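J.: Structure supplied as run-v4.cif; contents: mmCIF, C-alpha atoms and all ligand atoms.
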data_target
loop_
_atom_site.label_atom_id
_atom_site.label_comp_id
_atom_site.auth_asym_id
_atom_site.auth_seq_id
_atom_site.Cartn_x
_atom_site.Cartn_y
_atom_site.Cartn_z
CA MET Y 1353 87.55 67.61 96.58
CA LYS Y 1354 90.06 67.22 93.77
CA PRO Y 1355 92.29 70.07 92.56
CA ARG Y 1356 90.53 72.21 89.98
CA GLU Y 1357 91.94 73.87 86.90
CA ILE Y 1358 91.52 77.62 86.46
CA LYS Y 1359 93.36 77.66 83.13
CA THR Y 1360 95.53 75.04 81.51
CA GLY Y 1361 98.35 74.45 83.98
CA VAL Y 1362 96.94 76.72 86.73
CA TYR Y 1363 95.21 74.85 89.55
CA CYS Y 1364 93.46 75.46 92.86
CA VAL Y 1365 95.20 73.18 95.36
CA GLY Y 1366 94.10 74.71 98.67
CA ALA Y 1367 91.64 73.58 101.32
CA ILE Y 1368 88.15 74.50 102.46
CA ASP Y 1369 87.67 74.77 106.23
CA TRP Y 1370 83.93 74.35 106.67
CA ASP Y 1371 83.92 74.10 110.44
CA ARG Y 1372 86.33 76.74 111.67
CA ARG Y 1373 84.42 79.25 113.74
CA LEU Y 1374 87.13 81.51 115.15
CA PHE Y 1375 90.20 83.08 113.61
CA ASP Y 1376 93.18 84.34 115.63
CA SER Y 1377 91.16 83.27 118.71
CA LEU Y 1378 89.27 86.50 118.07
CA ILE Y 1379 87.36 86.83 114.81
CA PRO Y 1380 84.10 84.89 114.38
CA LEU Y 1381 83.83 82.88 111.16
CA PRO Y 1382 80.10 82.24 110.78
CA ASP Y 1383 80.60 80.78 107.29
CA GLY Y 1384 83.92 78.97 107.76
CA THR Y 1385 86.78 79.90 105.45
CA SER Y 1386 89.22 78.54 102.90
CA TYR Y 1387 92.99 78.65 102.53
CA ASN Y 1388 93.53 79.01 98.82
CA SER Y 1389 96.77 77.81 97.33
CA TYR Y 1390 97.50 77.82 93.61
CA LEU Y 1391 99.86 75.80 91.45
CA VAL Y 1392 101.16 77.51 88.30
CA LYS Y 1393 103.01 75.37 85.77
CA GLY Y 1394 105.19 77.04 83.20
CA SER Y 1395 107.04 75.38 80.34
CA GLN Y 1396 110.22 75.29 82.44
CA LYS Y 1397 109.40 75.92 86.08
CA THR Y 1398 106.50 75.45 88.48
CA ALA Y 1399 105.41 77.72 91.32
CA LEU Y 1400 103.16 77.11 94.29
CA ILE Y 1401 101.44 80.33 95.33
CA ASP Y 1402 100.94 80.32 99.09
CA THR Y 1403 100.18 77.19 101.09
CA VAL Y 1404 97.42 76.41 103.59
CA ASP Y 1405 96.84 76.52 107.31
CA PRO Y 1406 98.92 73.74 108.91
CA THR Y 1407 95.73 72.01 110.11
CA LYS Y 1408 94.93 71.34 106.43
CA GLU Y 1409 98.37 70.53 105.03
CA GLY Y 1410 97.27 66.94 104.31
CA ILE Y 1411 94.73 68.28 101.78
CA LEU Y 1412 97.38 70.34 100.01
CA VAL Y 1413 99.65 67.30 99.80
CA ASP Y 1414 96.74 65.17 98.50
CA HIS Y 1415 96.09 67.75 95.77
CA LEU Y 1416 99.73 67.81 94.72
CA THR Y 1417 99.69 64.01 94.66
CA GLU Y 1418 96.54 64.00 92.48
CA LEU Y 1419 98.39 66.23 90.03
CA GLY Y 1420 101.22 63.71 89.79
CA PHE Y 1421 103.41 65.35 92.40
CA PRO Y 1422 104.92 67.90 89.96
CA LYS Y 1423 108.33 69.29 90.79
CA ILE Y 1424 107.92 72.64 92.56
CA ASP Y 1425 110.71 75.17 91.95
CA TYR Y 1426 109.25 78.16 93.79
CA VAL Y 1427 106.97 78.59 96.75
CA ILE Y 1428 105.63 82.12 96.53
CA SER Y 1429 104.92 83.41 100.01
CA HIS Y 1430 102.81 86.55 99.91
CA HIS Y 1431 102.31 86.86 103.63
CA ALA Y 1432 103.85 85.21 106.68
CA GLU Y 1433 100.62 84.57 108.60
CA GLN Y 1434 100.09 80.90 109.47
CA ASP Y 1435 96.93 80.39 107.42
CA HIS Y 1436 98.98 80.85 104.23
CA ALA Y 1437 102.56 80.19 105.25
CA GLY Y 1438 102.03 77.53 107.92
CA SER Y 1439 102.50 74.60 105.54
CA ILE Y 1440 105.66 75.93 103.87
CA PRO Y 1441 107.90 73.76 106.11
CA CYS Y 1442 105.90 70.69 105.03
CA VAL Y 1443 106.23 71.66 101.34
CA LEU Y 1444 109.97 72.24 101.76
CA ASP Y 1445 110.33 68.80 103.33
CA LEU Y 1446 108.66 67.31 100.25
CA TYR Y 1447 110.56 69.54 97.81
CA PRO Y 1448 114.00 70.18 99.34
CA ASP Y 1449 115.20 72.04 96.23
CA ALA Y 1450 112.30 74.51 96.17
CA LYS Y 1451 113.00 78.14 97.03
CA VAL Y 1452 110.68 80.41 98.98
CA VAL Y 1453 110.09 83.65 97.07
CA CYS Y 1454 109.02 86.63 99.16
CA THR Y 1455 109.84 90.18 100.24
CA VAL Y 1456 112.87 90.84 102.44
CA LYS Y 1457 110.57 91.59 105.35
CA CYS Y 1458 108.61 88.39 104.82
CA LYS Y 1459 111.82 86.39 104.80
CA GLY Y 1460 112.69 87.70 108.26
CA MET Y 1461 109.22 86.92 109.54
CA LEU Y 1462 109.21 83.39 108.10
CA MET Y 1463 112.61 82.75 109.67
CA ASP Y 1464 111.26 83.98 113.02
CA LEU Y 1465 107.82 82.37 112.90
CA LEU Y 1466 108.49 79.08 111.11
CA LEU Y 1467 112.25 78.72 111.63
CA ILE Y 1468 112.85 78.31 107.89
CA PRO Y 1469 116.61 78.39 107.18
CA GLU Y 1470 117.98 81.46 105.40
CA GLU Y 1471 119.35 79.51 102.41
CA LYS Y 1472 115.83 78.55 101.36
CA PHE Y 1473 114.88 82.08 100.32
CA ILE Y 1474 114.93 84.23 97.22
CA THR Y 1475 113.79 87.78 97.95
CA VAL Y 1476 112.15 89.97 95.33
CA GLU Y 1477 111.74 93.70 94.94
CA ASP Y 1478 108.59 95.50 93.92
CA LYS Y 1479 107.72 94.82 90.25
CA GLU Y 1480 110.46 92.17 89.96
CA THR Y 1481 109.58 89.15 87.82
CA ILE Y 1482 110.37 85.45 87.71
CA SER Y 1483 109.98 83.49 84.50
CA LEU Y 1484 108.46 80.03 84.53
CA GLY Y 1485 109.26 79.67 80.82
CA ASP Y 1486 106.11 80.60 78.98
CA ARG Y 1487 104.62 82.25 82.04
CA THR Y 1488 105.79 85.26 84.05
CA LEU Y 1489 105.13 86.06 87.67
CA GLU Y 1490 105.33 89.75 88.58
CA PHE Y 1491 105.52 90.60 92.25
CA ILE Y 1492 103.77 93.68 93.57
CA HIS Y 1493 104.74 94.87 97.03
CA ALA Y 1494 101.63 95.76 99.02
CA PRO Y 1495 102.71 96.58 102.57
CA TRP Y 1496 100.06 96.62 105.30
CA VAL Y 1497 97.56 94.53 103.41
CA HIS Y 1498 97.43 93.68 106.23
CA TRP Y 1499 100.94 92.95 107.56
CA PRO Y 1500 104.05 94.94 106.65
CA GLU Y 1501 105.63 92.16 104.57
CA THR Y 1502 102.80 91.51 102.14
CA MET Y 1503 103.12 91.24 98.36
CA LEU Y 1504 100.78 90.19 95.55
CA THR Y 1505 101.55 88.24 92.37
CA TYR Y 1506 100.35 89.04 88.87
CA LEU Y 1507 100.46 86.20 86.35
CA ARG Y 1508 100.97 88.29 83.24
CA GLU Y 1509 100.08 85.99 80.37
CA ASP Y 1510 96.82 84.85 82.01
CA ARG Y 1511 95.98 88.22 83.60
CA ILE Y 1512 95.37 86.62 86.99
CA LEU Y 1513 96.04 88.61 90.16
CA PHE Y 1514 96.84 86.58 93.28
CA PRO Y 1515 96.36 89.17 96.05
CA CYS Y 1516 96.50 86.95 99.16
CA ASP Y 1517 94.19 88.43 101.84
CA PHE Y 1518 93.38 91.53 99.75
CA PHE Y 1519 89.89 91.13 98.17
CA GLY Y 1520 89.34 87.92 100.17
CA SER Y 1521 86.42 86.70 102.23
CA HIS Y 1522 86.06 84.13 104.97
CA LEU Y 1523 83.61 81.90 103.17
CA ALA Y 1524 83.62 78.13 102.82
CA THR Y 1525 82.10 77.27 99.45
CA THR Y 1526 82.55 74.73 96.69
CA ASP Y 1527 82.03 77.50 94.13
CA MET Y 1528 85.31 78.34 92.41
CA TYR Y 1529 84.01 81.77 91.46
CA VAL Y 1530 81.58 84.18 93.07
CA THR Y 1531 78.03 83.09 92.27
CA ASP Y 1532 76.04 84.92 94.95
CA GLU Y 1533 77.34 88.50 94.89
CA GLY Y 1534 75.15 89.54 97.84
CA GLN Y 1535 76.63 86.82 100.07
CA VAL Y 1536 80.20 87.54 99.00
CA TYR Y 1537 79.70 91.30 99.41
CA GLU Y 1538 78.71 90.73 103.05
CA ALA Y 1539 81.57 88.30 103.73
CA ALA Y 1540 84.14 90.51 102.02
CA LYS Y 1541 82.90 93.62 103.85
CA ARG Y 1542 83.17 91.77 107.17
CA TYR Y 1543 86.70 90.75 106.18
CA TYR Y 1544 87.60 94.30 105.14
CA ALA Y 1545 86.24 95.68 108.44
CA GLU Y 1546 88.11 93.24 110.65
CA ILE Y 1547 91.36 92.91 108.75
CA MET Y 1548 91.88 95.78 106.34
CA MET Y 1549 90.12 98.83 107.80
CA PRO Y 1550 92.86 99.60 110.37
CA PHE Y 1551 95.14 100.18 107.36
CA ARG Y 1552 92.67 102.16 105.26
CA ASN Y 1553 95.30 104.60 103.95
CA HIS Y 1554 97.49 101.74 102.77
CA ILE Y 1555 94.49 100.00 101.23
CA GLN Y 1556 93.78 103.18 99.27
CA LYS Y 1557 97.38 103.27 97.99
CA ASN Y 1558 97.33 99.59 97.05
CA LEU Y 1559 94.00 99.97 95.24
CA GLU Y 1560 95.65 102.71 93.19
CA LYS Y 1561 98.60 100.42 92.56
CA VAL Y 1562 96.56 97.52 91.13
CA LYS Y 1563 94.58 99.92 88.91
CA GLY Y 1564 97.38 99.75 86.37
CA TYR Y 1565 96.97 96.01 85.75
CA LYS Y 1566 94.63 94.35 83.28
CA ILE Y 1567 92.95 91.71 85.41
CA ASP Y 1568 90.64 88.93 84.21
CA ILE Y 1569 90.60 86.93 87.44
CA ILE Y 1570 91.32 87.82 91.06
CA ALA Y 1571 92.32 84.70 92.96
CA PRO Y 1572 92.49 85.61 96.67
CA SER Y 1573 93.68 83.38 99.49
CA HIS Y 1574 90.28 83.18 101.18
CA GLY Y 1575 86.86 82.60 99.64
CA PRO Y 1576 85.81 82.25 96.00
CA MET Y 1577 87.72 83.76 93.09
CA HIS Y 1578 86.44 86.74 91.14
CA ASN Y 1579 86.00 86.29 87.40
CA LYS Y 1580 84.23 89.66 87.38
CA PRO Y 1581 86.94 91.61 89.22
CA ASP Y 1582 85.12 94.95 88.96
CA PHE Y 1583 82.62 93.75 91.56
CA ILE Y 1584 85.16 93.42 94.38
CA ILE Y 1585 87.37 96.32 93.26
CA LYS Y 1586 84.33 98.61 93.25
CA ALA Y 1587 83.29 97.35 96.69
CA TYR Y 1588 86.78 97.96 98.10
CA ASN Y 1589 86.85 101.46 96.64
CA GLU Y 1590 83.46 102.12 98.22
CA TRP Y 1591 84.65 100.97 101.66
CA ALA Y 1592 88.14 102.48 101.61
CA PHE Y 1593 87.36 105.86 100.06
CA CYS Y 1594 83.78 106.63 101.10
CA GLU Y 1595 82.83 109.37 103.52
CA PRO Y 1596 80.75 108.25 106.51
CA LYS Y 1597 77.01 107.88 106.02
CA ASN Y 1598 74.03 109.08 108.04
CA ILE Y 1599 74.33 106.10 110.41
CA VAL Y 1600 74.67 105.74 114.18
CA VAL Y 1601 76.15 102.51 115.48
CA LEU Y 1602 74.89 101.81 118.98
CA PRO Y 1603 76.66 98.99 120.84
CA TYR Y 1604 75.25 98.71 124.33
CA VAL Y 1605 75.00 96.55 127.41
CA SER Y 1606 72.44 96.78 130.20
CA MET Y 1607 72.40 95.16 133.63
CA HIS Y 1608 69.08 96.21 135.16
CA ASP Y 1609 67.28 97.69 132.12
CA SER Y 1610 67.99 101.39 132.78
CA THR Y 1611 70.47 101.61 129.90
CA ARG Y 1612 68.23 99.38 127.76
CA GLU Y 1613 65.30 101.77 128.29
CA MET Y 1614 67.52 104.69 127.27
CA VAL Y 1615 68.72 102.86 124.18
CA LYS Y 1616 65.12 102.08 123.18
CA TYR Y 1617 64.13 105.72 123.51
CA PHE Y 1618 67.26 107.00 121.79
CA VAL Y 1619 66.89 104.69 118.78
CA GLU Y 1620 63.37 106.04 118.28
CA ALA Y 1621 64.56 109.64 118.72
CA LEU Y 1622 67.24 109.20 116.06
CA THR Y 1623 64.93 107.32 113.69
CA GLN Y 1624 62.32 110.12 113.95
CA ARG Y 1625 65.06 112.51 112.83
CA GLY Y 1626 65.92 110.48 109.76
CA VAL Y 1627 69.08 108.86 111.12
CA THR Y 1628 69.69 105.16 110.47
CA VAL Y 1629 70.59 103.24 113.63
CA LYS Y 1630 72.39 99.92 113.97
CA GLN Y 1631 71.87 98.61 117.50
CA PHE Y 1632 73.96 95.80 119.03
CA ASP Y 1633 73.42 94.13 122.40
CA LEU Y 1634 77.02 93.38 123.34
CA THR Y 1635 76.07 90.31 125.37
CA VAL Y 1636 74.96 88.47 122.22
CA THR Y 1637 76.59 90.37 119.35
CA ASP Y 1638 78.85 88.83 116.75
CA ILE Y 1639 81.73 91.34 116.80
CA GLY Y 1640 82.24 90.84 113.08
CA LYS Y 1641 78.80 92.35 112.46
CA LEU Y 1642 79.64 95.23 114.76
CA ALA Y 1643 82.92 95.80 112.89
CA MET Y 1644 81.09 95.75 109.52
CA SER Y 1645 78.63 98.35 110.68
CA LEU Y 1646 81.51 100.69 111.53
CA VAL Y 1647 82.83 100.77 107.95
CA ASP Y 1648 80.47 103.54 106.86
CA ALA Y 1649 78.92 104.96 110.05
CA ALA Y 1650 79.36 108.64 110.93
CA THR Y 1651 78.69 108.21 114.64
CA VAL Y 1652 79.17 105.68 117.42
CA VAL Y 1653 77.20 105.94 120.65
CA ILE Y 1654 78.12 103.44 123.36
CA GLY Y 1655 75.44 102.49 125.87
CA THR Y 1656 76.69 101.27 129.25
CA PRO Y 1657 75.83 101.09 132.91
CA THR Y 1658 78.48 102.04 135.44
CA VAL Y 1659 80.15 99.02 137.05
CA LEU Y 1660 82.80 99.31 139.73
CA ALA Y 1661 83.23 103.02 138.95
CA GLY Y 1662 83.73 102.54 135.21
CA PRO Y 1663 82.06 101.24 132.05
CA HIS Y 1664 80.75 97.69 131.87
CA PRO Y 1665 83.65 95.48 130.57
CA ALA Y 1666 81.60 94.61 127.46
CA ALA Y 1667 81.32 98.32 126.62
CA ALA Y 1668 85.05 98.77 127.27
CA TYR Y 1669 85.69 95.89 124.86
CA ALA Y 1670 83.56 97.57 122.17
CA ALA Y 1671 85.50 100.83 122.65
CA PHE Y 1672 88.82 98.97 122.51
CA LEU Y 1673 87.72 97.17 119.33
CA ALA Y 1674 86.56 100.39 117.64
CA ASN Y 1675 89.85 102.07 118.55
CA ALA Y 1676 91.84 99.14 117.14
CA ILE Y 1677 90.05 98.85 113.80
CA ARG Y 1678 90.03 102.65 113.28
CA PRO Y 1679 86.78 103.28 111.45
CA ASN Y 1680 86.33 106.62 109.73
CA VAL Y 1681 83.70 107.79 112.25
CA LYS Y 1682 83.33 111.50 113.00
CA PHE Y 1683 81.34 111.65 116.23
CA VAL Y 1684 81.20 109.64 119.44
CA SER Y 1685 78.98 109.80 122.49
CA ILE Y 1686 78.00 107.74 125.51
CA ILE Y 1687 74.64 107.05 127.11
CA GLY Y 1688 73.82 104.96 130.15
CA SER Y 1689 73.10 104.92 133.84
CA TYR Y 1690 74.88 104.91 137.18
CA GLY Y 1691 73.99 104.26 140.78
CA TRP Y 1692 76.15 106.62 142.77
CA GLY Y 1693 79.03 107.94 140.61
CA GLY Y 1694 82.08 106.78 138.71
CA LYS Y 1695 84.30 107.66 135.77
CA THR Y 1696 82.53 105.88 132.92
CA VAL Y 1697 82.74 108.74 130.43
CA GLU Y 1698 86.39 109.59 131.16
CA THR Y 1699 87.41 105.93 130.96
CA LEU Y 1700 85.66 105.25 127.64
CA ALA Y 1701 86.77 108.55 126.07
CA GLY Y 1702 90.35 107.71 127.05
CA MET Y 1703 90.12 104.37 125.27
CA ILE Y 1704 89.71 105.73 121.74
CA PRO Y 1705 92.83 107.82 121.02
CA ASN Y 1706 93.08 106.46 117.45
CA LEU Y 1707 89.71 107.86 116.46
CA LYS Y 1708 89.78 111.42 115.18
CA VAL Y 1709 86.33 112.24 116.48
CA GLU Y 1710 84.32 114.97 118.10
CA VAL Y 1711 82.99 113.71 121.43
CA LEU Y 1712 79.37 114.81 121.87
CA GLY Y 1713 77.96 115.45 125.35
CA PRO Y 1714 77.04 112.16 127.07
CA VAL Y 1715 73.72 111.39 128.71
CA LEU Y 1716 74.02 109.50 131.99
CA ALA Y 1717 70.94 108.87 134.12
CA LYS Y 1718 71.10 108.35 137.88
CA GLY Y 1719 69.20 105.10 138.22
CA PHE Y 1720 66.22 104.52 135.94
CA PRO Y 1721 65.84 107.30 133.32
CA ARG Y 1722 63.33 110.06 133.99
CA GLU Y 1723 61.84 112.89 131.95
CA ALA Y 1724 64.96 115.06 132.10
CA ASP Y 1725 67.05 112.14 130.85
CA PHE Y 1726 64.71 111.50 127.93
CA GLN Y 1727 64.85 115.19 127.05
CA ALA Y 1728 68.65 114.99 127.10
CA LEU Y 1729 68.48 111.99 124.75
CA ASP Y 1730 66.23 113.99 122.40
CA LYS Y 1731 68.78 116.81 122.47
CA LEU Y 1732 71.66 114.41 121.70
CA ALA Y 1733 69.65 112.88 118.84
CA GLU Y 1734 68.98 116.36 117.47
CA THR Y 1735 72.67 117.28 117.72
CA ILE Y 1736 73.68 114.11 115.86
CA ALA Y 1737 71.10 114.64 113.11
CA GLN Y 1738 72.33 118.22 112.72
CA LYS Y 1739 76.02 117.21 112.68
CA HIS Y 1740 75.29 114.59 110.02
CA LYS Y 1741 73.56 117.22 107.89
CA GLU Y 1742 76.41 119.70 108.31
CA THR Y 1743 78.99 117.08 107.29
CA LYS Y 1744 76.79 116.08 104.34
CA CYS Y 1745 76.57 112.40 105.33
CA ALA Y 1746 74.97 110.38 102.57
CA SER Y 1747 72.01 108.14 103.37
FE1 LIG Y 1801 94.68 85.15 105.72
FE2 LIG Y 1801 96.45 87.56 107.10
O1 LIG Y 1801 96.06 85.84 106.73
#
Take the structure in this file and express it as structure tokens.
Ligand code: FEO
T.:
Amino acid sequence: MKPREIKTGVYCVGAIDWDRRLFDSLIPLPDGTSYNSYLVKGSQKTALIDTVDPTKEGILVDHLTELGFPKIDYVISHHAEQDHAGSIPCVLDLYPDAKVVCTVKCKGMLMDLLLIPEEKFITVEDKETISLGDRTLEFIHAPWVHWPETMLTYLREDRILFPCDFFGSHLATTDMYVTDEGQVYEAAKRYYAEIMMPFRNHIQKNLEKVKGYKIDIIAPSHGPMHNKPDFIIKAYNEWAFCEPKNIVVLPYVSMHDSTREMVKYFVEALTQRGVTVKQFDLTVTDIGKLAMSLVDAATVVIGTPTVLAGPHPAAAYAAFLANAIRPNVKFVSIIGSYGWGGKTVETLAGMIPNLKVEVLGPVLAKGFPREADFQALDKLAETIAQKHKETKCAS
């Protein structure tokens, strides 16, 4: 695909990665992704805003060649992660006079991660500007979106915000702009859950910070651009500021069907009490979907058998993941079965120190669940429904 013009002299020069299915050897990418890079020509200077993942640097170079290989004066580096910064060394080889513009912290990280020499950098403070002649780039520091060194760029005259990962989505598409809002909402929520949610407080602050800018286009570093910026800003406000809803997320694993039988009963017990349940079998679940479900859930209940005196490793992984991405959940509990004993509850409860939650009494059945166990599940479902009402969880 050839480079495409957003406005006269402003081009998309990045790459679509249709086939990538895993990010950071961790995050599933069911819809691929893109590494968006932008070229901004002013009357005197030209800037390249971010680069692409090193696996796609040939596409970036092809795009620059298509545009007549314009002289690049500045390479704006918003964020030192490889998917945006990884081709900076290649660009600097092609343009030895270009300077890398970034925050002080980003400079250190790029020197460490990509071994870029110190003399290649210009560092910028928050709100500092660089003139390209008839165009002005304003840099907005946005730490922890989602690394500590991150900044955004606002192209004043064109009212375009380049926010790097902020407002992005892992979505491979030939559409320059969002066309299917439902699809992008899902992809952006998944991205928020996996990447941004651990830094929710910082996201809130940075949402406040960009409020002051008049924005016609948001051009993120992943997924399509937003020519109706309110759509994604509203979605981010909803995810970052909302109180948990009347939802129970139920990741579970079962070895010999005892836990599965309990999960089946429990889902029905909660549903009968008006609670929405999102159930995930951890042996087949896409963890991105699990992460998304945690964005607005009030409660997490983990279902697990006892294995070697503790939780099943898949359940431990779910607890570790939930602790790492720090959803705004209020209540946690555990259900499952055991053969002869163990420390399943203590182990799982000890794995979620980041979550400021009330731990509700677990229900563990010895072997296959019996009447008393089902009654205990009813009681737990009732407690959860009541807690959700008391905390005024929205539906
Ligand atoms: Fe898209 Fe944090 O890199």
J.: Can you tell me which residues sit at most 12 Å away from ligand LIG 1801 (chain Y), counting all atoms listed in the file, written as an MDAnalysis selection string?
T.: chainID Y and resid 1375:1376 1379 1385:1389 1402:1405 1429:1438 1495:1503 1515:1523 1543:1544 1546:1548 1572:1575
J.: Residues within 12 Å of (112.2, 88.3, 107.0), file coordinates, counting all atoms listed in the file: what are they? Give the list as a PyMOL selection string.
T.: chain Y and resi 1429-1432+1452-1470+1472-1476+1500-1502
J.: State, in Å with one decimal place, the distance from atom CA of Y:Lys1630 to atom CA of Y:Val1601.
T.: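 Straight-line distance from atom CA of Y:Lys1630 to atom CA of Y:Val1601 works out to 4.8 Å.
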J.: Of the candidates Y:Glu1477, Y:Pro1657, Y:Met1549, Y:Asp1725, which shows the shortest atom-to-atom distance to Y:Ile1677, using all atoms listed in the file?
T.: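 Distance minimum relative to Y:Ile1677 lands on Y:Met1549.
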J.: Write out as a list in words the residues lying within 6 Å of Y:Leu1513, counting all atoms listed in the file and excluding same-chain residues fewer than 4 positions away.
T.: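 Those residues are Thr1505, Tyr1506 and Ile1570 of chain Y.
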J.: Can you work out which one of Y:Ala1671, Y:Ile1401, Y:Ala1450, Y:Ile1654 has the shortest atom-to-atom distance to Y:Ile1704, counting all atoms listed in the file?
T.: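 The closest residue to Y:Ile1704 is Y:Ala1671.
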J.: Using the structure just given, write a file holding N, CA and C atoms for stretch 1485-1503 of chain Y, as a tab-separated table (two decimals), in the first residue's frame.
T.:
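And here is the file that came out, out.tsv:
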chain	number	residue	atom	x	y	z
Y	1485	GLY	N	8.37	25.60	10.24
Y	1485	GLY	CA	8.13	26.70	9.30
Y	1485	GLY	C	6.68	27.12	9.45
Y	1486	ASP	N	5.85	26.65	8.55
Y	1486	ASP	CA	4.43	27.00	8.65
Y	1486	ASP	C	3.63	26.01	9.50
Y	1487	ARG	N	4.32	25.10	10.12
Y	1487	ARG	CA	3.63	24.14	11.01
Y	1487	ARG	C	4.37	24.07	12.34
Y	1488	THR	N	3.60	23.83	13.41
Y	1488	THR	CA	4.19	23.79	14.75
Y	1488	THR	C	3.84	22.48	15.45
Y	1489	LEU	N	4.86	21.85	15.99
Y	1489	LEU	CA	4.63	20.64	16.77
Y	1489	LEU	C	4.72	21.01	18.25
Y	1490	GLU	N	3.67	20.71	19.00
Y	1490	GLU	CA	3.70	20.94	20.46
Y	1490	GLU	C	3.76	19.58	21.14
Y	1491	PHE	N	4.67	19.45	22.07
Y	1491	PHE	CA	4.87	18.16	22.74
Y	1491	PHE	C	4.18	18.17	24.10
Y	1492	ILE	N	3.44	17.12	24.35
Y	1492	ILE	CA	2.67	17.02	25.59
Y	1492	ILE	C	3.17	15.80	26.36
Y	1493	HIS	N	3.80	16.03	27.49
Y	1493	HIS	CA	4.28	14.89	28.27
Y	1493	HIS	C	3.08	14.12	28.82
Y	1494	ALA	N	3.13	12.82	28.69
Y	1494	ALA	CA	2.02	11.97	29.14
Y	1494	ALA	C	2.59	10.71	29.79
Y	1495	PRO	N	3.24	10.87	30.94
Y	1495	PRO	CA	3.90	9.71	31.56
Y	1495	PRO	C	2.90	8.59	31.89
Y	1496	TRP	N	3.38	7.38	31.76
Y	1496	TRP	CA	2.62	6.17	32.08
Y	1496	TRP	C	1.44	5.95	31.16
Y	1497	VAL	N	1.60	6.39	29.92
Y	1497	VAL	CA	0.62	6.02	28.89
Y	1497	VAL	C	1.36	5.26	27.79
Y	1498	HIS	N	1.92	4.19	28.07
Y	1498	HIS	CA	1.85	3.37	29.25
Y	1498	HIS	C	3.24	3.09	29.85
Y	1499	TRP	N	4.25	3.79	29.34
Y	1499	TRP	CA	5.59	3.73	29.94
Y	1499	TRP	C	5.89	5.11	30.53
Y	1500	PRO	N	6.92	5.20	31.36
Y	1500	PRO	CA	7.14	6.49	32.05
Y	1500	PRO	C	7.66	7.61	31.16
Y	1501	GLU	N	8.12	7.27	29.96
Y	1501	GLU	CA	8.80	8.27	29.12
Y	1501	GLU	C	7.90	8.89	28.07
Y	1502	THR	N	6.64	8.51	28.06
Y	1502	THR	CA	5.77	8.79	26.91
Y	1502	THR	C	5.42	10.27	26.76
Y	1503	MET	N	5.34	10.73	25.51
Y	1503	MET	CA	4.78	12.05	25.22
Y	1503	MET	C	3.88	11.93	23.99
